[in-house]
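As provided, data.txt (compact mmCIF, N, CA and C atoms) reads as follows.
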# COMPACT_ATOMS: atom_id res chain seq x y z
N MET V 1 97.42 43.93 167.67
CA MET V 1 97.49 44.75 166.49
C MET V 1 97.79 46.20 166.85
N LEU V 2 97.11 46.71 167.86
CA LEU V 2 97.33 48.09 168.29
C LEU V 2 98.75 48.29 168.77
N LYS V 3 99.30 47.27 169.44
CA LYS V 3 100.68 47.36 169.91
C LYS V 3 101.64 47.45 168.74
N LYS V 4 101.38 46.73 167.65
CA LYS V 4 102.25 46.77 166.47
C LYS V 4 102.21 48.16 165.83
N ILE V 5 101.03 48.73 165.74
CA ILE V 5 100.89 50.07 165.16
C ILE V 5 101.61 51.09 166.04
N SER V 6 101.43 50.99 167.34
CA SER V 6 102.09 51.90 168.27
C SER V 6 103.60 51.76 168.19
N ALA V 7 104.08 50.52 168.11
CA ALA V 7 105.52 50.28 168.01
C ALA V 7 106.06 50.85 166.70
N SER V 8 105.32 50.66 165.61
CA SER V 8 105.75 51.21 164.32
C SER V 8 105.79 52.72 164.35
N ALA V 9 104.78 53.32 164.95
CA ALA V 9 104.73 54.78 165.07
C ALA V 9 105.90 55.29 165.90
N ALA V 10 106.23 54.58 166.97
CA ALA V 10 107.35 54.98 167.82
C ALA V 10 108.66 54.89 167.05
N VAL V 11 108.84 53.83 166.28
CA VAL V 11 110.06 53.67 165.48
C VAL V 11 110.16 54.79 164.45
N LEU V 12 109.05 55.12 163.79
CA LEU V 12 109.06 56.22 162.81
C LEU V 12 109.37 57.55 163.48
N ALA V 13 108.81 57.77 164.65
CA ALA V 13 109.08 59.02 165.37
C ALA V 13 110.55 59.13 165.74
N ILE V 14 111.12 58.03 166.22
CA ILE V 14 112.55 58.04 166.57
C ILE V 14 113.41 58.25 165.33
N ALA V 15 113.08 57.57 164.26
CA ALA V 15 113.83 57.72 163.01
C ALA V 15 113.75 59.16 162.51
N GLY V 16 112.57 59.74 162.60
CA GLY V 16 112.42 61.13 162.18
C GLY V 16 113.24 62.08 163.01
N THR V 17 113.31 61.82 164.30
CA THR V 17 114.11 62.65 165.19
C THR V 17 115.59 62.52 164.86
N VAL V 18 116.03 61.30 164.59
CA VAL V 18 117.44 61.09 164.25
C VAL V 18 117.79 61.78 162.94
N LEU V 19 116.89 61.69 161.97
CA LEU V 19 117.17 62.28 160.65
C LEU V 19 117.17 63.80 160.68
N THR V 20 116.29 64.40 161.44
CA THR V 20 116.18 65.85 161.42
C THR V 20 116.79 66.51 162.63
N GLY V 21 117.34 65.74 163.56
CA GLY V 21 117.90 66.32 164.77
C GLY V 21 116.82 66.40 165.83
N CYS V 22 117.25 66.58 167.03
CA CYS V 22 116.32 66.58 168.15
C CYS V 22 115.32 67.73 168.07
N SER V 23 115.73 68.83 167.49
CA SER V 23 114.87 69.99 167.45
C SER V 23 113.77 69.89 166.40
N GLY V 24 113.89 68.92 165.50
CA GLY V 24 112.92 68.82 164.43
C GLY V 24 113.18 69.83 163.33
N LYS V 25 114.28 70.53 163.42
CA LYS V 25 114.63 71.55 162.43
C LYS V 25 115.61 70.97 161.43
N LEU V 26 115.72 71.63 160.29
CA LEU V 26 116.61 71.18 159.23
C LEU V 26 118.05 71.60 159.50
N SER V 27 118.99 70.74 159.11
CA SER V 27 120.40 71.10 159.19
C SER V 27 120.68 72.18 158.13
N THR V 28 121.87 72.72 158.16
CA THR V 28 122.24 73.73 157.16
C THR V 28 122.11 73.17 155.75
N GLU V 29 122.67 72.00 155.53
CA GLU V 29 122.61 71.39 154.19
C GLU V 29 121.17 71.09 153.79
N GLU V 30 120.38 70.58 154.71
CA GLU V 30 118.98 70.30 154.41
C GLU V 30 118.21 71.58 154.10
N THR V 31 118.54 72.65 154.79
CA THR V 31 117.89 73.94 154.54
C THR V 31 118.22 74.43 153.14
N CYS V 32 119.49 74.32 152.76
CA CYS V 32 119.90 74.74 151.41
C CYS V 32 119.19 73.90 150.36
N ASN V 33 119.09 72.60 150.60
CA ASN V 33 118.37 71.72 149.68
C ASN V 33 116.89 72.09 149.61
N TYR V 34 116.32 72.42 150.75
CA TYR V 34 114.91 72.83 150.81
C TYR V 34 114.69 74.09 149.98
N ILE V 35 115.56 75.08 150.14
CA ILE V 35 115.44 76.32 149.37
C ILE V 35 115.56 76.02 147.89
N ASN V 36 116.54 75.22 147.54
CA ASN V 36 116.75 74.87 146.14
C ASN V 36 115.53 74.15 145.57
N ASP V 37 114.99 73.21 146.33
CA ASP V 37 113.79 72.48 145.88
C ASP V 37 112.60 73.41 145.69
N GLN V 38 112.41 74.32 146.65
CA GLN V 38 111.29 75.26 146.56
C GLN V 38 111.47 76.21 145.36
N ALA V 39 112.70 76.66 145.16
CA ALA V 39 112.98 77.55 144.03
C ALA V 39 112.72 76.83 142.70
N GLN V 40 113.10 75.57 142.65
CA GLN V 40 112.89 74.79 141.43
C GLN V 40 111.39 74.57 141.20
N GLU V 41 110.65 74.21 142.24
CA GLU V 41 109.21 74.00 142.12
C GLU V 41 108.50 75.25 141.63
N GLN V 42 108.97 76.40 142.10
CA GLN V 42 108.33 77.67 141.74
C GLN V 42 108.95 78.31 140.50
N ASN V 43 109.95 77.63 139.92
CA ASN V 43 110.61 78.11 138.71
C ASN V 43 111.18 79.52 138.89
N LEU V 44 111.78 79.77 140.05
CA LEU V 44 112.25 81.12 140.38
C LEU V 44 113.41 81.59 139.50
N LYS V 45 114.27 80.67 139.08
CA LYS V 45 115.39 81.07 138.24
C LYS V 45 114.88 81.71 136.94
N GLN V 46 113.92 81.05 136.32
CA GLN V 46 113.37 81.58 135.07
C GLN V 46 112.60 82.87 135.33
N LYS V 47 111.86 82.91 136.42
CA LYS V 47 111.10 84.12 136.74
C LYS V 47 112.03 85.30 136.96
N MET V 48 113.18 85.07 137.63
CA MET V 48 114.14 86.16 137.86
C MET V 48 114.78 86.59 136.54
N THR V 49 115.05 85.65 135.66
CA THR V 49 115.60 85.98 134.34
C THR V 49 114.59 86.82 133.56
N ASP V 50 113.34 86.38 133.54
CA ASP V 50 112.29 87.12 132.86
C ASP V 50 112.11 88.51 133.47
N ALA V 51 112.24 88.58 134.79
CA ALA V 51 112.08 89.86 135.49
C ALA V 51 113.17 90.84 135.07
N GLY V 52 114.40 90.34 134.93
CA GLY V 52 115.51 91.19 134.49
C GLY V 52 115.25 91.77 133.11
N SER V 53 114.72 90.95 132.23
CA SER V 53 114.40 91.41 130.88
C SER V 53 113.26 92.42 130.91
N ALA V 54 112.28 92.17 131.75
CA ALA V 54 111.13 93.07 131.84
C ALA V 54 111.53 94.43 132.40
N ILE V 55 112.48 94.44 133.34
CA ILE V 55 112.94 95.71 133.90
C ILE V 55 113.55 96.58 132.81
N ALA V 56 114.27 95.95 131.90
CA ALA V 56 114.90 96.70 130.80
C ALA V 56 113.86 97.41 129.94
N THR V 57 112.66 96.88 129.91
CA THR V 57 111.59 97.52 129.12
C THR V 57 110.73 98.44 129.97
N GLY V 58 111.07 98.56 131.26
CA GLY V 58 110.34 99.46 132.15
C GLY V 58 109.22 98.79 132.93
N ASP V 59 109.09 97.48 132.82
CA ASP V 59 108.04 96.74 133.54
C ASP V 59 108.65 96.10 134.79
N ALA V 60 108.34 96.67 135.94
CA ALA V 60 108.91 96.17 137.19
C ALA V 60 108.01 95.15 137.89
N SER V 61 106.83 94.90 137.36
CA SER V 61 105.89 94.02 138.05
C SER V 61 106.41 92.59 138.16
N LYS V 62 107.06 92.08 137.13
CA LYS V 62 107.61 90.71 137.20
C LYS V 62 108.71 90.63 138.24
N PHE V 63 109.52 91.68 138.34
CA PHE V 63 110.58 91.72 139.35
C PHE V 63 109.98 91.70 140.74
N ARG V 64 108.96 92.51 140.96
CA ARG V 64 108.31 92.56 142.27
C ARG V 64 107.75 91.18 142.64
N ASP V 65 107.08 90.57 141.68
CA ASP V 65 106.47 89.27 141.95
C ASP V 65 107.52 88.20 142.24
N ALA V 66 108.55 88.13 141.40
CA ALA V 66 109.60 87.12 141.58
C ALA V 66 110.37 87.35 142.88
N THR V 67 110.63 88.59 143.20
CA THR V 67 111.34 88.93 144.42
C THR V 67 110.50 88.58 145.65
N ALA V 68 109.22 88.83 145.58
CA ALA V 68 108.33 88.48 146.69
C ALA V 68 108.28 86.96 146.89
N GLU V 69 108.26 86.21 145.80
CA GLU V 69 108.27 84.74 145.90
C GLU V 69 109.57 84.24 146.53
N LEU V 70 110.69 84.81 146.09
CA LEU V 70 111.98 84.42 146.65
C LEU V 70 112.05 84.76 148.13
N ALA V 71 111.58 85.93 148.50
CA ALA V 71 111.58 86.34 149.91
C ALA V 71 110.72 85.39 150.74
N SER V 72 109.62 84.96 150.19
CA SER V 72 108.74 84.03 150.89
C SER V 72 109.44 82.69 151.14
N VAL V 73 110.15 82.19 150.14
CA VAL V 73 110.91 80.94 150.29
C VAL V 73 111.98 81.10 151.36
N MET V 74 112.69 82.23 151.34
CA MET V 74 113.75 82.44 152.32
C MET V 74 113.20 82.55 153.74
N LYS V 75 112.10 83.27 153.91
CA LYS V 75 111.50 83.39 155.25
C LYS V 75 111.02 82.04 155.75
N ASP V 76 110.42 81.27 154.85
CA ASP V 76 109.95 79.94 155.22
C ASP V 76 111.12 79.06 155.67
N ALA V 77 112.20 79.08 154.90
CA ALA V 77 113.38 78.28 155.23
C ALA V 77 114.02 78.76 156.54
N ALA V 78 114.01 80.06 156.77
CA ALA V 78 114.57 80.60 158.02
C ALA V 78 113.88 80.02 159.24
N GLY V 79 112.59 79.78 159.12
CA GLY V 79 111.84 79.21 160.23
C GLY V 79 112.03 77.71 160.40
N LYS V 80 112.62 77.08 159.40
CA LYS V 80 112.78 75.62 159.43
C LYS V 80 114.19 75.17 159.79
N THR V 81 115.16 76.08 159.74
CA THR V 81 116.55 75.68 159.93
C THR V 81 116.98 75.70 161.40
N SER V 82 117.91 74.81 161.71
CA SER V 82 118.49 74.80 163.06
C SER V 82 119.73 75.69 163.13
N ASP V 83 120.21 76.15 161.97
CA ASP V 83 121.39 77.02 161.88
C ASP V 83 120.94 78.46 162.10
N GLU V 84 121.17 78.96 163.30
CA GLU V 84 120.70 80.30 163.65
C GLU V 84 121.31 81.39 162.77
N LYS V 85 122.58 81.22 162.42
CA LYS V 85 123.24 82.22 161.57
C LYS V 85 122.62 82.19 160.17
N LEU V 86 122.29 81.00 159.68
CA LEU V 86 121.63 80.89 158.37
C LEU V 86 120.23 81.48 158.45
N ALA V 87 119.52 81.23 159.53
CA ALA V 87 118.18 81.80 159.70
C ALA V 87 118.23 83.32 159.65
N ASP V 88 119.23 83.89 160.33
CA ASP V 88 119.41 85.35 160.32
C ASP V 88 119.73 85.84 158.91
N ALA V 89 120.63 85.14 158.21
CA ALA V 89 121.00 85.53 156.85
C ALA V 89 119.80 85.45 155.91
N LEU V 90 119.01 84.42 156.05
CA LEU V 90 117.82 84.26 155.20
C LEU V 90 116.79 85.35 155.50
N THR V 91 116.60 85.66 156.78
CA THR V 91 115.65 86.70 157.16
C THR V 91 116.10 88.05 156.63
N ARG V 92 117.37 88.36 156.79
CA ARG V 92 117.89 89.64 156.28
C ARG V 92 117.76 89.72 154.76
N SER V 93 118.08 88.63 154.08
CA SER V 93 117.98 88.60 152.63
C SER V 93 116.53 88.75 152.17
N ALA V 94 115.62 88.10 152.87
CA ALA V 94 114.20 88.22 152.55
C ALA V 94 113.72 89.65 152.76
N ASP V 95 114.16 90.26 153.86
CA ASP V 95 113.78 91.65 154.13
C ASP V 95 114.30 92.57 153.05
N LEU V 96 115.54 92.35 152.63
CA LEU V 96 116.12 93.17 151.56
C LEU V 96 115.34 92.96 150.27
N SER V 97 115.01 91.73 149.97
CA SER V 97 114.25 91.44 148.75
C SER V 97 112.91 92.18 148.77
N ASN V 98 112.25 92.17 149.91
CA ASN V 98 110.98 92.89 150.02
C ASN V 98 111.16 94.40 149.85
N LYS V 99 112.23 94.95 150.42
CA LYS V 99 112.51 96.38 150.26
C LYS V 99 112.79 96.71 148.80
N MET V 100 113.55 95.84 148.14
CA MET V 100 113.86 96.07 146.72
C MET V 100 112.57 96.02 145.89
N ALA V 101 111.72 95.06 146.17
CA ALA V 101 110.45 94.96 145.44
C ALA V 101 109.59 96.21 145.65
N GLU V 102 109.59 96.68 146.90
CA GLU V 102 108.83 97.89 147.22
C GLU V 102 109.38 99.09 146.45
N ALA V 103 110.71 99.22 146.42
CA ALA V 103 111.33 100.34 145.70
C ALA V 103 111.04 100.25 144.21
N MET V 104 111.06 99.02 143.68
CA MET V 104 110.78 98.85 142.25
C MET V 104 109.33 99.24 141.91
N GLY V 105 108.47 99.16 142.89
CA GLY V 105 107.07 99.52 142.68
C GLY V 105 106.78 100.99 142.88
N ASP V 106 107.78 101.74 143.30
CA ASP V 106 107.60 103.18 143.54
C ASP V 106 107.74 103.94 142.23
N ASP V 107 106.60 104.27 141.64
CA ASP V 107 106.59 104.95 140.34
C ASP V 107 107.16 106.36 140.40
N SER V 108 107.32 106.91 141.61
CA SER V 108 107.86 108.26 141.73
C SER V 108 109.38 108.29 141.55
N LEU V 109 110.03 107.11 141.57
CA LEU V 109 111.49 107.05 141.43
C LEU V 109 111.88 106.87 139.97
N ASP V 110 112.80 107.74 139.51
CA ASP V 110 113.36 107.50 138.18
C ASP V 110 114.50 106.50 138.31
N LEU V 111 115.14 106.16 137.21
CA LEU V 111 116.16 105.13 137.21
C LEU V 111 117.33 105.48 138.14
N VAL V 112 117.75 106.74 138.15
CA VAL V 112 118.87 107.16 139.00
C VAL V 112 118.49 107.08 140.47
N ALA V 113 117.30 107.55 140.81
CA ALA V 113 116.83 107.51 142.19
C ALA V 113 116.65 106.05 142.64
N MET V 114 116.19 105.20 141.75
CA MET V 114 116.01 103.79 142.10
C MET V 114 117.35 103.13 142.36
N ALA V 115 118.35 103.45 141.53
CA ALA V 115 119.69 102.89 141.73
C ALA V 115 120.26 103.36 143.07
N ALA V 116 120.04 104.62 143.40
CA ALA V 116 120.51 105.16 144.68
C ALA V 116 119.80 104.45 145.84
N LYS V 117 118.52 104.18 145.67
CA LYS V 117 117.75 103.48 146.71
C LYS V 117 118.30 102.07 146.90
N MET V 118 118.63 101.40 145.82
CA MET V 118 119.18 100.04 145.90
C MET V 118 120.52 100.04 146.64
N GLN V 119 121.31 101.09 146.42
CA GLN V 119 122.61 101.21 147.11
C GLN V 119 122.42 101.35 148.61
N GLU V 120 121.35 102.03 149.02
CA GLU V 120 121.07 102.20 150.45
C GLU V 120 120.88 100.85 151.15
N PHE V 121 120.38 99.88 150.41
CA PHE V 121 120.11 98.57 150.99
C PHE V 121 121.37 97.75 151.22
N GLN V 122 122.46 98.13 150.59
CA GLN V 122 123.71 97.37 150.70
C GLN V 122 124.46 97.76 151.97
N THR V 123 123.93 97.33 153.09
CA THR V 123 124.53 97.64 154.40
C THR V 123 125.56 96.58 154.76
N PRO V 124 126.45 96.88 155.70
CA PRO V 124 127.41 95.86 156.16
C PRO V 124 126.71 94.62 156.71
N GLU V 125 125.58 94.82 157.37
CA GLU V 125 124.84 93.68 157.91
C GLU V 125 124.33 92.78 156.79
N PHE V 126 123.82 93.40 155.73
CA PHE V 126 123.35 92.60 154.60
C PHE V 126 124.52 91.90 153.92
N THR V 127 125.64 92.59 153.77
CA THR V 127 126.81 91.98 153.14
C THR V 127 127.28 90.78 153.94
N GLU V 128 127.29 90.90 155.26
CA GLU V 128 127.69 89.79 156.12
C GLU V 128 126.71 88.62 155.96
N ALA V 129 125.43 88.91 155.95
CA ALA V 129 124.41 87.87 155.80
C ALA V 129 124.53 87.20 154.43
N SER V 130 124.74 87.99 153.41
CA SER V 130 124.87 87.47 152.06
C SER V 130 126.10 86.58 151.93
N THR V 131 127.19 87.00 152.55
CA THR V 131 128.42 86.21 152.52
C THR V 131 128.21 84.86 153.21
N TYR V 132 127.52 84.87 154.36
CA TYR V 132 127.28 83.61 155.05
C TYR V 132 126.34 82.72 154.23
N LEU V 133 125.34 83.31 153.64
CA LEU V 133 124.39 82.54 152.83
C LEU V 133 125.11 81.86 151.67
N THR V 134 126.04 82.57 151.04
CA THR V 134 126.82 82.00 149.94
C THR V 134 127.74 80.90 150.44
N THR V 135 128.29 81.07 151.64
CA THR V 135 129.17 80.06 152.23
C THR V 135 128.38 78.82 152.65
N ALA V 136 127.24 79.04 153.29
CA ALA V 136 126.42 77.93 153.78
C ALA V 136 125.77 77.14 152.64
N CYS V 137 125.38 77.85 151.60
CA CYS V 137 124.70 77.24 150.46
C CYS V 137 125.46 77.60 149.18
N PRO V 138 126.63 76.98 148.96
CA PRO V 138 127.46 77.37 147.83
C PRO V 138 126.88 77.00 146.46
N SER V 139 126.04 76.01 146.40
CA SER V 139 125.50 75.59 145.11
C SER V 139 123.98 75.46 145.20
N MET V 140 123.33 76.34 144.48
CA MET V 140 121.86 76.30 144.42
C MET V 140 121.47 76.46 142.96
N PRO V 141 121.56 75.37 142.19
CA PRO V 141 121.31 75.46 140.76
C PRO V 141 119.95 76.01 140.38
N ALA V 142 118.97 75.90 141.24
CA ALA V 142 117.64 76.43 140.93
C ALA V 142 117.59 77.94 141.02
N LEU V 143 118.65 78.56 141.57
CA LEU V 143 118.70 80.02 141.68
C LEU V 143 119.90 80.63 140.97
N ASP V 144 120.97 79.87 140.79
CA ASP V 144 122.20 80.41 140.20
C ASP V 144 122.00 80.81 138.75
Could I get this structure in the form of structure tokens?
Amino acid sequence: MLKKISASAAVLAIAGTVLTGCSGKLSTEETCNYINDQAQEQNLKQKMTDAGSAIATGDASKFRDATAELASVMKDAAGKTSDEKLADALTRSADLSNKMAEAMGDDSLDLVAMAAKMQEFQTPEFTEASTYLTTACPSMPALD
């Protein structure tokens, strides 16, 4: 009986390795699916929509919260992917999201200063990361 359980465990371990790759990390497509699934579970699309509406009324707290959740999903996915370029793009995007949330929480900034601060975040490195993220994960209905 013990031999059957051990054999079954070995088969499952081998199957798991084959499905996820030798590294145990997610492929690019699996990572995109993971992000999409997490975004859907957390209802991030609706939260971001609500945040946009709240910003128009001067309430940035929903934006900060939704942005922090999205950044958390991206950082988590970055640690799970085998695609190093995607991991870098996700990490950069998460960092930018956190900076944007922080700026939105700065009550000393008026609308013009906040817009200028957001422009500062649009670096060539972020643009490159964003472009790769869009290429690697072209369809993410839970976020689009």
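Between atom C of V:Thr81 and atom CA of V:Ser97 the separation is 20.4 Å.
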Just give me the residues with any atom within 8 Å of (108.6, 100.3, 135.3), file coordinates, counting only N, CA and C atoms, written as a CSV table (one decimal) with N, CA and C atoms, in the frame of the given file.
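selection35.csv, freshly written:
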chain,number,residue,atom,x,y,z
V,54,ALA,N,112.3,92.2,131.8
V,54,ALA,CA,111.1,93.1,131.8
V,54,ALA,C,111.5,94.4,132.4
V,55,ILE,N,112.5,94.4,133.3
V,55,ILE,CA,112.9,95.7,133.9
V,55,ILE,C,113.6,96.6,132.8
V,56,ALA,N,114.3,96.0,131.9
V,56,ALA,CA,114.9,96.7,130.8
V,56,ALA,C,113.9,97.4,129.9
V,57,THR,N,112.7,96.9,129.9
V,57,THR,CA,111.6,97.5,129.1
V,57,THR,C,110.7,98.4,130.0
V,58,GLY,N,111.1,98.6,131.3
V,58,GLY,CA,110.3,99.5,132.2
V,58,GLY,C,109.2,98.8,132.9
V,59,ASP,N,109.1,97.5,132.8
V,59,ASP,CA,108.0,96.7,133.5
V,59,ASP,C,108.6,96.1,134.8
V,60,ALA,N,108.3,96.7,135.9
V,60,ALA,CA,108.9,96.2,137.2
V,60,ALA,C,108.0,95.2,137.9
V,61,SER,N,106.8,94.9,137.4
V,61,SER,CA,105.9,94.0,138.0
V,61,SER,C,106.4,92.6,138.2
V,104,MET,N,111.1,99.0,143.7
V,104,MET,CA,110.8,98.8,142.2
V,104,MET,C,109.3,99.2,141.9
V,105,GLY,N,108.5,99.2,142.9
V,105,GLY,CA,107.1,99.5,142.7
V,105,GLY,C,106.8,101.0,142.9
V,106,ASP,N,107.8,101.7,143.3
V,106,ASP,CA,107.6,103.2,143.5
V,106,ASP,C,107.7,103.9,142.2
V,107,ASP,N,106.6,104.3,141.6
V,107,ASP,CA,106.6,105.0,140.3
V,107,ASP,C,107.2,106.4,140.4
Practice task
Work out how far atom C of V:Thr91 is from atom C of V:Lys62, in Å to one decimal.
Solution key: 20.0 Å
Stretch 54-92 of chain V near stretch 35-43 of chain V within 7 Å: what's each residue's closest atom pair and its distance in Å to one decimal, counting all atoms listed in the file, ordered by chain then ascending residue number, as a Markdown table?
| residue | atom | partner | partner_atom | distance |
| --- | --- | --- | --- | --- |
| V:Val73 | C | V:Ile35 | CA | 6.2 |
| V:Met74 | N | V:Ile35 | CA | 6.8 |
| V:Ala77 | CA | V:Ile35 | N | 6.4 |
Give me a file of those residues, with N, CA and C atoms, as a PDB file, keeping the file's coordinate frame.
ATOM      1  N   VAL V  73     110.150  82.190 150.140  1.00  0.00           N
ATOM      2  CA  VAL V  73     110.910  80.940 150.290  1.00  0.00           C
ATOM      3  C   VAL V  73     111.980  81.100 151.360  1.00  0.00           C
ATOM      4  N   MET V  74     112.690  82.230 151.340  1.00  0.00           N
ATOM      5  CA  MET V  74     113.750  82.440 152.320  1.00  0.00           C
ATOM      6  C   MET V  74     113.200  82.550 153.740  1.00  0.00           C
ATOM      7  N   ALA V  77     112.200  79.080 154.900  1.00  0.00           N
ATOM      8  CA  ALA V  77     113.380  78.280 155.230  1.00  0.00           C
ATOM      9  C   ALA V  77     114.020  78.760 156.540  1.00  0.00           C
TER      10      ALA V  77
END
Handout entry: Between atom CA of V:Asp50 and atom CA of V:Ala89 - distance in Å to one decimal
Key = 25.6 Å
Problem - Close residues, V:Gln46 itself excluded, 9 Å, only C-alpha atoms, min 4 positions apart in chain, as a ChimeraX atom specification - result: /V:50-51,142-143
Handout entry: chain V: residues DSSP assigns to alpha helix (DSSP H), reported as a PyMOL selection string
Key = chain V and resi 2-20+28-41+44-56+61-80+84-104+111-120+124-136
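Nearest residue to V:Lys85, choosing from V:Ala129, V:Asn33, V:Pro141, V:Ser27 and counting only C-alpha atoms: V:Ala129.
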